[in-house]
Amino acid sequence: MEKTTIMLACAAGMSTSLLVTKMQAAAKEQGIDATIFAVPVSEAKKQTEDQKVDVILLGPQVRFMLDEFKTTFGEKQIPVEVIPMGDYGMMNGKNVLNLAQGLLK
């Protein structure tokens with residue numbers, strides 16, 4: 001299976017760093033080859049220009065940007081979704097990874 005790149009975008013890119021770690025552990029556990037990283041929403045567009053990104057997940061605190069992201073990245077055929085508040089709050093890396101994987105199908 002080819003490597004998947006998952007970008008998490010939040011207000012500052014810092015609150016999601018723990019979730020990235022949890023998602024990486026879940027990916028390793030499931031045998032999924034994935035690059036997972038977090039950025040502030042202000043850097044999201046540049047990141048997709050610098051590298052191939054397969055899916056973008058927004059932190060709940062920036063859910064108001066979902067339509068803007070879907071418009072911007074829909075042209076590049078990159079699926080975008082908001083991380084559910086419960087999974088984000090509990091730092092449930094497995095559920096968030098499963099959300100990302102589901103968007104790729």
# chains A, B, ... in the order shown; residues from 1 in each chain; ligands from 1
$ select_by_dssp --residues "stretch 33-86 of chain A" --states "strand (DSSP E)" --output "PyMOL selection string"
chain A and resi 34-40+55-58+80-82
$ write_last_selection --atoms "C-alpha atoms" --output "PDB file, in the first residue's frame"
ATOM      1  CA  ALA A  34       1.411   7.268   6.948  1.00  0.00           C
ATOM      2  CA  THR A  35       3.047  10.636   7.354  1.00  0.00           C
ATOM      3  CA  ILE A  36       0.974  12.694   9.771  1.00  0.00           C
ATOM      4  CA  PHE A  37       1.747  16.289  10.712  1.00  0.00           C
ATOM      5  CA  ALA A  38       0.082  19.417  12.071  1.00  0.00           C
ATOM      6  CA  VAL A  39       0.241  22.998  10.849  1.00  0.00           C
ATOM      7  CA  PRO A  40      -1.514  26.281  11.595  1.00  0.00           C
ATOM      8  CA  VAL A  55      -6.276  14.313   3.287  1.00  0.00           C
ATOM      9  CA  ILE A  56      -6.730  17.388   5.496  1.00  0.00           C
ATOM     10  CA  LEU A  57      -8.380  17.281   8.898  1.00  0.00           C
ATOM     11  CA  LEU A  58      -9.361  20.510  10.639  1.00  0.00           C
ATOM     12  CA  VAL A  80     -11.241  17.880   3.983  1.00  0.00           C
ATOM     13  CA  GLU A  81     -13.197  17.170   7.154  1.00  0.00           C
ATOM     14  CA  VAL A  82     -13.456  18.458  10.724  1.00  0.00           C
TER      15      VAL A  82
END
$ residues_around --residues "A:Gln61" --least-positions-apart "5" --cutoff "9 Å" --atoms "only C-alpha atoms" --output "ChimeraX atom specification"
/A:10-11,85
$ write_last_selection --atoms "N, CA and C atoms" --output "PDB file, in the first residue's frame"
ATOM      1  N   CYS A  10      -4.932  23.390  12.527  1.00  0.00           N
ATOM      2  CA  CYS A  10      -5.672  23.985  13.637  1.00  0.00           C
ATOM      3  C   CYS A  10      -5.253  25.436  13.783  1.00  0.00           C
ATOM      4  N   ALA A  11      -5.711  26.085  14.829  1.00  0.00           N
ATOM      5  CA  ALA A  11      -5.458  27.512  14.993  1.00  0.00           C
ATOM      6  C   ALA A  11      -3.965  27.838  14.963  1.00  0.00           C
ATOM      7  N   MET A  85     -15.330  16.718  17.788  1.00  0.00           N
ATOM      8  CA  MET A  85     -14.920  17.307  19.065  1.00  0.00           C
ATOM      9  C   MET A  85     -14.587  16.241  20.107  1.00  0.00           C
TER      10      MET A  85
END
$ select_by_dssp --residues "stretch 45-78 of chain A" --states "alpha helix (DSSP H)" --output "ChimeraX atom specification"
/A:45-50,66-74
$ closest_residue --among "A:Ala9, A:Ile78, A:Ala26, A:Leu103" --to "A:Met65" --atoms "only C-alpha atoms"
A:Ala9
$ atom_distance --atom1 "atom CA of A:Gly102" --atom2 "atom CA of A:Glu43"
24.4 Å
